[in-house]
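J.: Have a look at this one before I ask anything.
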Amino acid sequence: MRYVAASRRARLRFSVSLASVALAGLASAVAQEAPAEDETAAQDGETVVITGSRIGRPELSLPNPVQVITSEAIEQSGKTNLTDYLIDSPALLGSQSNVDVAGSNLSNAQNVGVNLLDLRNLGSQRTLVLVDGRRHVAGYPGIAAVDVNTIPSDLVERIDILTGGTSAVYGADGVTGVVNFILKDDFDGLRVRGQANISERGDAGSRFVAVTWGKNFAGGRGNVTAAYEFQETDRFSQRDRLNYGLTGPSYAFARDPNDPDGPTDNDGVPDRILYTDLRWADSSPGGAVDLDGDFVPDRTGEGGIYDLGTYVPGSAFTVGGSSTPRESYYGDYLPYVRRHIANLMAKFEVSPALEIYAQGKYVRSTAYTFAQPTYDFYTELAPDNAYLIERYGAAAISGPALFSRDHFDFGIRRYELERELFRTVVGARGDIGSGLKYDFSYVFGQSTQESTNRNDRIADRYYAALDAVVNPANGQITCRINLPGQTNVNGVSYGNGVVFNGTPVTFNPGQCVPINILGEGSPSQAALDFVTVDHTDWARIKQHVVSAVLTGNTESYFRLPGGGVGFAIGAEYRYESSHYIPSDVSLAGVLMDNAPARVDRGDFDVKELFAEVNLPILADMPFAENLSVGGAYRFSDYSTIGQTSTWNVNGSYSPVRDITFRGTYSEAVRAPNITELFAGGSGTYEFITDPCGPDRLAEGTQYRAANCAAALTAAGLSPAQQAAFDPANDFTSPQNSSLLGFQGGNPTLNEETAKTWTTGIVLRPSFVPGLSINVDWYNIKIEQAINYSTAQAVVDLCVDQPTLNNVYCSVISRSPTSGYINFFTVIPENVAAYETAGLDVGFAYRVQPFDNLGTFTLRGQFNYLDKLEFVPTAGADPENELDSSAYPAPKYSASFDLTWNKGPLTVNYGVNWWSKTRRVTPEQEAANPDYVAPQYIWYKEKWEHDLYMSYMVDEKFELYGGINNLFDTKPDVAAVAYPISAVGRSFFMGVKAKIF
């Protein structure tokens, strides 16, 4: 049986650590606040179509605050990974970048290198990602979220970010907003771009090459554009930053052994201090061996005396000694990623009434990462084990020995993902007169992936190989199971199909290869080949979308005082399916280090009708430069949840050209995705820190202590047993040993509902040419939210509610003998609620003070986060997530950049910042003000400075380069990569050439 301390083996979270993202050119102006050179068309009343509406309308009447990011800004950041660029936008701070899917942060191999956007920290499943206003096939089995790594960065013309419910316009999944990637579809010529990035320390490198060719023909009525993009990002290991200031896995806070009054004494002395050289207690790469059965290692696997080091009370650590260094354990900061993306786009205008268009995309990507090694914790060796006697001598062995070991020499667990993605779009559009335009399209997307786990152990083979004895016939060491008539230490005779250590034997006797785990490097390759396996899961996601939209304007036959009525009506059909087949060994449940898995398969379709209208009430009048109101409605019929409807209303008012007031209100829905509905039930191993432990009681809500007493009493524990209840210091508890539970989908789920509103003001003062300022307040409230909690969250939420009579307590149980949690079930439920509110401020100012000084452009985006609350179940108290580092959710965040352009030279200076966030939660601090020293209660502010320069050698050739994290800012003390990346200062250089 395997035991392990929860804090010791639970996957290291990087505190939502971020890659070093340089937003040197973040163009955070909203669509209304376009650069000065674009204002003429807007002032002339040209109708435009922006994200959030299908109706072309005059620019001043646009009611939605849309943050627009240009391709130039992306290039100036030096980032070729779009998520690494976007994640510092205040609206997208909680998105999943490569650092969240590498090393021990990784949940499973299907997720390696997958990047998902998350608007307002409300979940990637609630953020709708579009390409050219159309849906895109998902990036992960069973969900709808799009992997941004499958979108070609060099082909992006701009990115629109819209906060607020967009379900009425685009359909489900957009309850928190939409991110729309607009691609270049009218390219003429041949452009080549190449770039290389490297850190100051010579690691974390990447290479990027893009080739784009386009040709206009038939007098500009037709265009063909082809593009190819290659990107390769190096694997970046945590071992590359072991001594990086006081950051990284070398440093951690743990209990102060010199504080005699314990961890909750409130005596003004910090209870947790900063350590280095922390090691996992009682385990080492060569083995920590306990020969006398007292659960204290006596000898090293190599045969020497085991140095226990200095134990850190209340933790799984020692300082110094023979145990495994914590710093070498967790694997990678960033995965290796390689991708090829090919795009082909074409369009041809047969006549004004008919334009035919088509797009095709093929993506092939590879990613892998190394995580933590497999391990044993106090696993038993029989007293007649041949390798045991050989190492220590028979006289030293009085009974079964116990060993704990981190198996670096087995091959560190490696997770790989190979994926192919196809996406095609075909359609026709045109102007059929009387202000009517149509657009009919069909989208097909398919993603097929193979995810491989390497160096997993097969349980029955491993346990049989451990039981190594001397064959009396030849004196050679062999597995006991290979010897007919032999019995194990419990007197059980071996044979095909019998149970060994609780594990059925699935191989033929005689095949077993004995394994020696005493000493690092001792296992033979033959033994490792016998006990480990590489196995591959398979998944396929398909998407079909057929849509037809008719837009128009009544200008030619009906006018309001402000102009013709704009409208859009349409219909859409969408079918999505997901099919996941685990490997044979996963299905059989024979792996030691992975829970049993089942086939996941599900699909759904939805038929929708939608309509949108814009009513221009007044225009070009005194005190009414523009006044318009509008709305949208969508009716949906799902094969899974039935019928839903969603709607919005909006309006804008400009008393004069210089100022516009705007606002929207919407009621949006999100239907449950395939995984939430149909995931096949399977086992899952989790470590669970018991909230009822004496060291945890004060860290929950005001209900926790009473609820824990009631839960332990209900389990059958006497008052004396409750007084002795201490799971943190019992290696048999789920806190120190992974516990098998159950997870799956829930076909009875209903849709989520969201009420969102925004209101704001846009200033474009005519007396300050080139200046635009937008200020918008947003509020998003989601009810009946689908909550798929972790086992740890379920256990915590059970005892943190007003009573034990809640949905979370109903899916866990406790042992009647120990009181420990002995089973859990994790399924999604419509029980949660979320609410967030805040203020967005964006500005852009372009000025040319003197002809000989060039042009200066200042842009910025600022966010004030007023509220971020999570209500885990109906009737529960809201949990305040504001200032949390787990999202991250700073109260204030901002990005600014200043660009100077003179002739062929461009220089950009960018700054990304957010305010401090909590290391210690408010509950922990309230329970124990001495948790850590006051200066460590909060993580420090984030400051990142970036520099970009480019020079046009001639009209066809441009050189550029820059520095990200100019001042080499490091993560905070004892943080792995937070609030800034662990990469540190890095450089990039590139070249752009337009051949013709």
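A note on labels: chains of the structure tokens are A, B, ... as shown, every chain counts residues from 1, and ligands are counted from 1 in their shown order.
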Can you tell me, as JSON, numbers by chain, what residues are no more than 8 Å from segment 377-387 of chain A when counting only C-alpha atoms, ignoring any on the same chain fewer than 2 positions away?
T.: {"A": [1, 2, 3, 4, 283, 295, 375, 389, 390, 391, 397, 398, 399, 400, 401, 402, 403, 404, 405, 466, 467, 468, 469, 470, 477, 489, 516, 518]}
J.: DSSP on the backbone: which residues in segment 401-544 of chain A end up as strand (DSSP E or B)? Give the answer as an NGL selection string.
T.: :A and (401-406 or 414-433 or 436-458 or 468-470 or 477-479 or 487 or 493 or 499-500 or 503-504 or 532-544)
J.: Mind checking which residues fall within 7 Å of Ile688 of chain A, counting only C-alpha atoms, ignoring those fewer than 2 positions away in the same chain, and posting them as number ranges by chain?
T.: A: 6, 686, 690, 734-735, 791-792
J.: Could you tell me how far atom CA of Leu291 of chain A lies from atom CA of Thr478 of chain A, in Å and to one decimal?
T.: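 Value for the atom CA of Leu291 of chain A-atom CA of Thr478 of chain A distance: 21.8 Å.
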J.: Between A:Asn508, A:Ser434, A:Thr684, A:Ser738, which has the minimum distance to Asn553 of chain A (counting only C-alpha atoms)?
T.: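 Of A:Asn508, A:Ser434, A:Thr684, A:Ser738, the one nearest Asn553 of chain A is A:Ser434, counting only C-alpha atoms.
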J.: Please compute the atom CA of Pro63 of chain A-atom CA of Leu93 of chain A distance, one decimal, in Å.
T.: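 Atom CA of Pro63 of chain A sits 24.6 Å away from atom CA of Leu93 of chain A.
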J.: Would you mind reading off the distance between atom CA of Tyr638 of chain A and atom CA of Pro672 of chain A, one decimal, in Å?
T.: 10.4 Å
J.: Write out as JSON, numbers by chain which residues come within 7 Å of Pro335 of chain A when counting only C-alpha atoms, dropping same-chain ones fewer than 4 positions away.
T.: {"A": [98, 102, 113, 235, 236, 367, 368, 369]}
J.: Could those residues be written to a file, using C-alpha atoms, as a CSV table (one decimal), in the first residue's frame?
T.:
chain,number,residue,atom,x,y,z
A,98,ASN,CA,1.5,26.9,-20.5
A,102,ALA,CA,3.3,21.7,-17.1
A,113,GLY,CA,0.2,22.7,-23.7
A,235,ARG,CA,10.9,22.7,-22.0
A,236,PHE,CA,11.8,24.8,-19.0
A,367,ALA,CA,3.7,18.8,-26.4
A,368,TYR,CA,5.3,17.0,-23.5
A,369,THR,CA,6.3,17.7,-19.9
J.: Would you mind listing what lies within 10 Å of Asn149 of chain A as a list in words, with only C-alpha atoms counted and same-chain residues fewer than 2 positions away left out?
T.: Thr80, Asn81, Leu82, Thr83, Ser97, Asn98, Gly113, Val114, Asn115, Leu116, Gly139, Val146, Asp147, Ile151, Pro152, Ser153, Gln231, Val337, Arg339, Ile341, Val363 and Ser365 of chain A
J.: With a cut-off of 12 Å, could you pull out the residues of segment 232-342 of chain A touching segment 983-991 of chain A and give me the nearest pair of atoms for each, distance in Å to one decimal, using only C-alpha atoms, ordered by chain and ascending number, as a tab-separated table?
T.:
residue	atom	partner	partner_atom	distance
A:Asp234	CA	A:Val983	CA	11.9
A:Arg235	CA	A:Val983	CA	11.6
A:Phe236	CA	A:Val983	CA	8.5
A:Ser237	CA	A:Val983	CA	10.2
A:Gln238	CA	A:Val983	CA	10.0
A:Arg239	CA	A:Val983	CA	11.9
A:Asp240	CA	A:Val983	CA	9.2
A:Arg241	CA	A:Val983	CA	8.3
A:Leu242	CA	A:Val983	CA	12.0
A:Tyr244	CA	A:Gly984	CA	9.3
A:Gly245	CA	A:Gly984	CA	11.1
A:Thr247	CA	A:Gly984	CA	11.6
A:Gly248	CA	A:Val983	CA	11.2
A:Asp332	CA	A:Val983	CA	11.9
A:Tyr333	CA	A:Val983	CA	8.9
A:Leu334	CA	A:Val983	CA	9.6
